[in-house]
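The next block holds one structure in the form of structure tokens; read it before the comments.
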There are 2 protein chains.
Amino acid sequence: MCKDLFRRETRGDRLIDVERARRDVPLLEKRIYLNHAAISPCIRPVREAIEKHLEDWTWMNEEFMRRVPFGGEGWEQGETRDVKASFAKLIGAKVEQIALTHSTFVGLSAVVNALEYPRGCNVVVMDPRLEHPSYLPNWLRERGIEVRYVYASENGLGKIPLSEVEKKVDDKTVFVFASYIEYPNGLRNDIKGMAEIAHDHGAKIVVDAFQAVGHIDVDVKDLDVDFLATGTYKYLMGPKGTGFLYVKDYDDLKPVLFGWACGPWYREFDKAKEGYVMGLHNSAARFEVGSYSIIGFIGAKAAIDYFLKLGMKNVEERLMYLGDYLIERLQEIGLKINSPLDPECRSGSVNFRVKGDPWEVAQKLRAAKLWVTGGDHYAHGIRVSPHFYNTEEDIDRFIKELKKYV
Amino acid sequence: MCKDLFRRETRGDRLIDVERARRDVPLLEKRIYLNHAAISPCIRPVREAIEKHLEDWTWMNEEFMRRVPFGGEGWEQGETRDVKASFAKLIGAKVEQIALTHSTFVGLSAVVNALEYPRGCNVVVMDPRLEHPSYLPNWLRERGIEVRYVYASENGLGKIPLSEVEKKVDDKTVFVFASYIEYPNGLRNDIKGMAEIAHDHGAKIVVDAFQAVGHIDVDVKDLDVDFLATGTYKYLMGPKGTGFLYVKDYDDLKPVLFGWACGPWYREFDKAKEGYVMGLHNSAARFEVGSYSIIGFIGAKAAIDYFLKLGMKNVEERLMYLGDYLIERLQEIGLKINSPLDPECRSGSVNFRVKGDPWEVAQKLRAAKLWVTGGDHYAHGIRVSPHFYNTEEDIDRFIKELKKYV
């Protein structure tokens, strides 16, 4: 898949006007920011949308009161519907399949709690060396569920082979859990292949897409995933505290947290008597509980619409090109890459090894206005995560500074 | 309790400079807003704090990176710690007893799921005519738990007598669930009395304080509540999608949703191997799951700090005074009050009956730039909910317009 997008000769910006895009990111005036896998700066369209919302909230006109507090027909309309529609478009889903969440973990946690775990069942999860310590499926072990791990090759720095996934999944598997892109080193998992294995055994696949959305072109229909969750503050360049949960088939799922947002109470106000229990929405919105950050989602929508305009195929092509450029420059100065080199299973996020403490090197780079992340929990290396508006010149500057410390 | 605060001769603004406060609410230039029990307008300090955050996020300086993304020592520090400290001060709690949530329902839902329900147990809840249709305890019936209702006197418009609560609570009661102030008509429940009854039987009291915080002086220590949840967009005048959960004793409680925010993973990165399960925070933060809306909580903190400066005793006194003024004016024109008249069990939110459709009357008032809420689900009346900066003149204007439609 990645090979087609990997057109070196186009510099990956065939369809993106990089110079113009840079004007939307004021931060670039002050530093070279190569840390989008951690948190992204505020871009002009996001700031403008939030400032407009502040103005609207200050004056609370009819339009604000209609669209923001509860919407014309309750929670399902207004601003919340619009941001879900934008996100649905971004990942190739239907709007009914999207629920608002405030973080990736909340989305994943809601799903993991809504699935049923018969006695003797198991879940199959990926390499814990590439996942966050708070790795959600681990918590299931405390509920007596067997957790099976599949390890990446090359001591965690190569890919996760489908053949290994196949060995672990059986007819007692409830779900396969995988990150689309692994956070320490940008490994891109073969979600489509993993989904096929899961489905062959009647299991569901649950995808953490936080590192992938806004980074590569994500198509839930093509991948055939059952659940996918993300937040917006990394590559998608939205605010913190806003996220989305995609649910392919929501009909039989019952959320564990309940509140006014999970069902159409506004059609049943007259039934609010002793014993009344509200039905759930006929949509993924049943996983919503109460009020979400409108100011956050207004910003998130502006960010998503920006990426829709750029086109995620173009952004992915650009990031793969920059990743390739970066890998070559790092290899030229003799550094070992901690990310897979095969374009089929890497992304625009690249990790490399340094002598000494990678955290300290990252601090020195930051002092020179070059922002990257490094440390023990980043494959004991330095992670460089450019975005589509970074340039070869940015990377050359980075390499020049880096040479002082390696 | 209210009687002491009810000093008519002081106009309730002995310690609040109302004219000056009005300058912090630009909306007042354009309309008379008496709808704070629904959603509040953006005040100047909140807007300024959020605009400063947008500027900080745009430039992402060291201070921003230290305080916002994860904090110096992970989730427990930085901006999130500061907003919790402000909220703790507001309700007389310790900062360790506060968890961030994004809505009242999420906070309540987390608690209700963390409590244990032995066979044959029950929960005692208040009048469903005064609660939202999506009333959380109702969902417990589906899990086989007996739900016992306590009704308000005077067909739902008087108070909820403690003697009736006492009849329903027994040694098989797990929790007593009550709103501090009921949303349709401003009934103020005797939470302290209810807590005493609950505790006498070894039960816990769970309080929905969304209508109370920012409205009356809430002191969790004096009330002796076990759990209290609120959002910030009503009387507290913060953004949507931000809220707090107070938990008196968190030690033995296990949340149902898990994520990186519920435990100190950042001290155990090296242990992230197969089988690792992160421990929970030794604080109410164990109920936090993932990233929260920083932009929202920055606004929430500005709002809370504003109320801390005003003093909640002063705000409560002012709102009780305005409520009294409003009730007298409504009675003068012969309208029946749907709220309790006894100051001990009413608040600053007042509901009254009109001939005809209350929703339609509310629409006509809105057209005349007087914002209130009305409809079937508001005790079949119109709810008027002023805030501390409203004046007698605002209410006189409201009464003058109202007379045209009743």
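To be explicit about the labels: the chains of the structure tokens are called A, B, and onward in the order shown, and within each one the residues are counted from 1, while ligands get numbers from 1 in the order they are shown.
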Taking the chain letters and numbering used in this document, name the residues of region 181-333 of chain B that DSSP puts in alpha helix (DSSP H), as a PyMOL selection string.
chain B and resi 191-200+220-223+294-310+312-332
- Task: Please identify all polymer residues within 10 Å of Val25 (chain B), counting only C-alpha atoms, omitting same-chain residues fewer than 4 positions from it, and present them as JSON, numbers by chain.
- Result: {"A": [58, 59], "B": [20, 21, 29, 41, 42, 43, 44, 45, 389]}
Counting only C-alpha atoms, give me one row per residue of region 248-299 of chain B with an atom at most 7 Å from an atom of region 81-104 of chain A, showing the shortest contact pair and its distance in Å to one decimal, sorted by chain then residue number, as a Markdown table.
```
| residue | atom | partner | partner_atom | distance |
| --- | --- | --- | --- | --- |
| B:Gly290 | CA | A:Ser103 | CA | 5.4 |
| B:Ser291 | CA | A:Ser103 | CA | 5.5 |
| B:Tyr292 | CA | A:His102 | CA | 6.3 |
```
Would you save the residues from that selection as a PDB file, in the first residue's frame, using C-alpha atoms?
```pdb
ATOM      1  CA  GLY B 290      -7.455   9.863  29.341  1.00  0.00           C
ATOM      2  CA  SER B 291      -6.818  13.432  28.225  1.00  0.00           C
ATOM      3  CA  TYR B 292      -9.311  16.075  29.252  1.00  0.00           C
TER       4      TYR B 292
END
```
Would you mind listing, as an NGL selection string, all residues of chain A that have at least one atom within 7 Å of chain B, where only C-alpha atoms are what counts? :A and (26-27 or 41-43 or 47 or 54 or 57-60 or 102-103 or 105-106 or 109 or 128-129 or 133-134 or 136 or 138-139 or 240-242 or 257-260 or 265 or 269 or 272-278 or 289-294 or 296 or 377)
What are the closest atom pairs, with distances in Å to one decimal, for each residue of region 256-364 of chain A lying within 9 Å of region 168-181 of chain A, using only C-alpha atoms, rows by chain and rising residue number, as a tab-separated table?
```
residue	atom	partner	partner_atom	distance
A:Cys345	CA	A:Ile181	CA	9.0
A:Arg346	CA	A:Ile181	CA	8.2
A:Ser347	CA	A:Ile181	CA	7.5
```
If you count only C-alpha atoms, which residues fall within 10 Å of region 311-314 of chain B, apart from same-chain ones fewer than 2 positions away, as a PyMOL selection string?
-> chain B and resi 5+12-16+90-91+213-218+305-309+316-320+388
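Counting only C-alpha atoms, the residue from A:Gly193, A:Pro255, A:Gly186, A:Gly120 that sits nearest to Gly348 (chain A) is A:Gly186.
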Could you pull the residues within 8 Å of Val225 (chain B), counting only C-alpha atoms, minus those fewer than 5 positions along the same chain, as a PDB file with N, CA and C atoms, in the first residue's frame?
```
ATOM      1  N   ILE B 191     -29.554  17.906  51.924  1.00  0.00           N
ATOM      2  CA  ILE B 191     -28.535  16.872  51.678  1.00  0.00           C
ATOM      3  C   ILE B 191     -27.909  16.412  52.992  1.00  0.00           C
ATOM      4  N   LYS B 192     -27.694  17.358  53.900  1.00  0.00           N
ATOM      5  CA  LYS B 192     -27.069  17.000  55.183  1.00  0.00           C
ATOM      6  C   LYS B 192     -27.943  15.981  55.923  1.00  0.00           C
ATOM      7  N   ALA B 195     -27.813  12.658  54.093  1.00  0.00           N
ATOM      8  CA  ALA B 195     -26.523  11.988  54.320  1.00  0.00           C
ATOM      9  C   ALA B 195     -26.532  11.284  55.679  1.00  0.00           C
ATOM     10  N   LYS B 204     -24.115   5.026  51.277  1.00  0.00           N
ATOM     11  CA  LYS B 204     -23.391   6.217  50.819  1.00  0.00           C
ATOM     12  C   LYS B 204     -24.387   7.181  50.190  1.00  0.00           C
ATOM     13  N   ILE B 205     -24.048   8.458  50.228  1.00  0.00           N
ATOM     14  CA  ILE B 205     -24.893   9.418  49.521  1.00  0.00           C
ATOM     15  C   ILE B 205     -24.164   9.964  48.301  1.00  0.00           C
ATOM     16  N   VAL B 206     -24.863   9.950  47.164  1.00  0.00           N
ATOM     17  CA  VAL B 206     -24.323  10.407  45.882  1.00  0.00           C
ATOM     18  C   VAL B 206     -25.118  11.651  45.473  1.00  0.00           C
ATOM     19  N   VAL B 207     -24.418  12.763  45.271  1.00  0.00           N
ATOM     20  CA  VAL B 207     -25.106  14.029  45.029  1.00  0.00           C
ATOM     21  C   VAL B 207     -24.815  14.593  43.635  1.00  0.00           C
ATOM     22  N   VAL B 220     -18.774  20.295  51.217  1.00  0.00           N
ATOM     23  CA  VAL B 220     -18.917  18.831  51.278  1.00  0.00           C
ATOM     24  C   VAL B 220     -18.615  18.276  52.666  1.00  0.00           C
ATOM     25  N   LYS B 248     -15.137  11.211  48.669  1.00  0.00           N
ATOM     26  CA  LYS B 248     -14.617  11.351  50.041  1.00  0.00           C
ATOM     27  C   LYS B 248     -13.538  10.313  50.317  1.00  0.00           C
TER      28      LYS B 248
END
```
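Here the DSSP assignment of strand (DSSP E or B), based on backbone atoms, applies within region 123-225 of chain B to Val123, Val124, Val125, Met126, Glu146, Val147, Arg148, Tyr149, Val150, Thr173, Val174, Phe175, Val176, Phe177, Ala178, Ser179, Ile181, Arg188, Lys204, Ile205, Val206, Val207, Asp208, Val213 and Ile216 of chain B.
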When you look at His380 (chain B) with a cut-off of 9 Å (counting only C-alpha atoms), what residues show up, excluding the ones that are within fewer than 5 positions of it in the same chain? I need them as an MDAnalysis selection string. chainID B and resid 184 338 351:354 357:359 374:375
Pairwise distance, CA of His281 (chain B) with CA of Tyr250 (chain B), equals 9.5 Å
A straight line from CA of Leu34 (chain B) to CA of Val372 (chain B) spans 5.4 Å
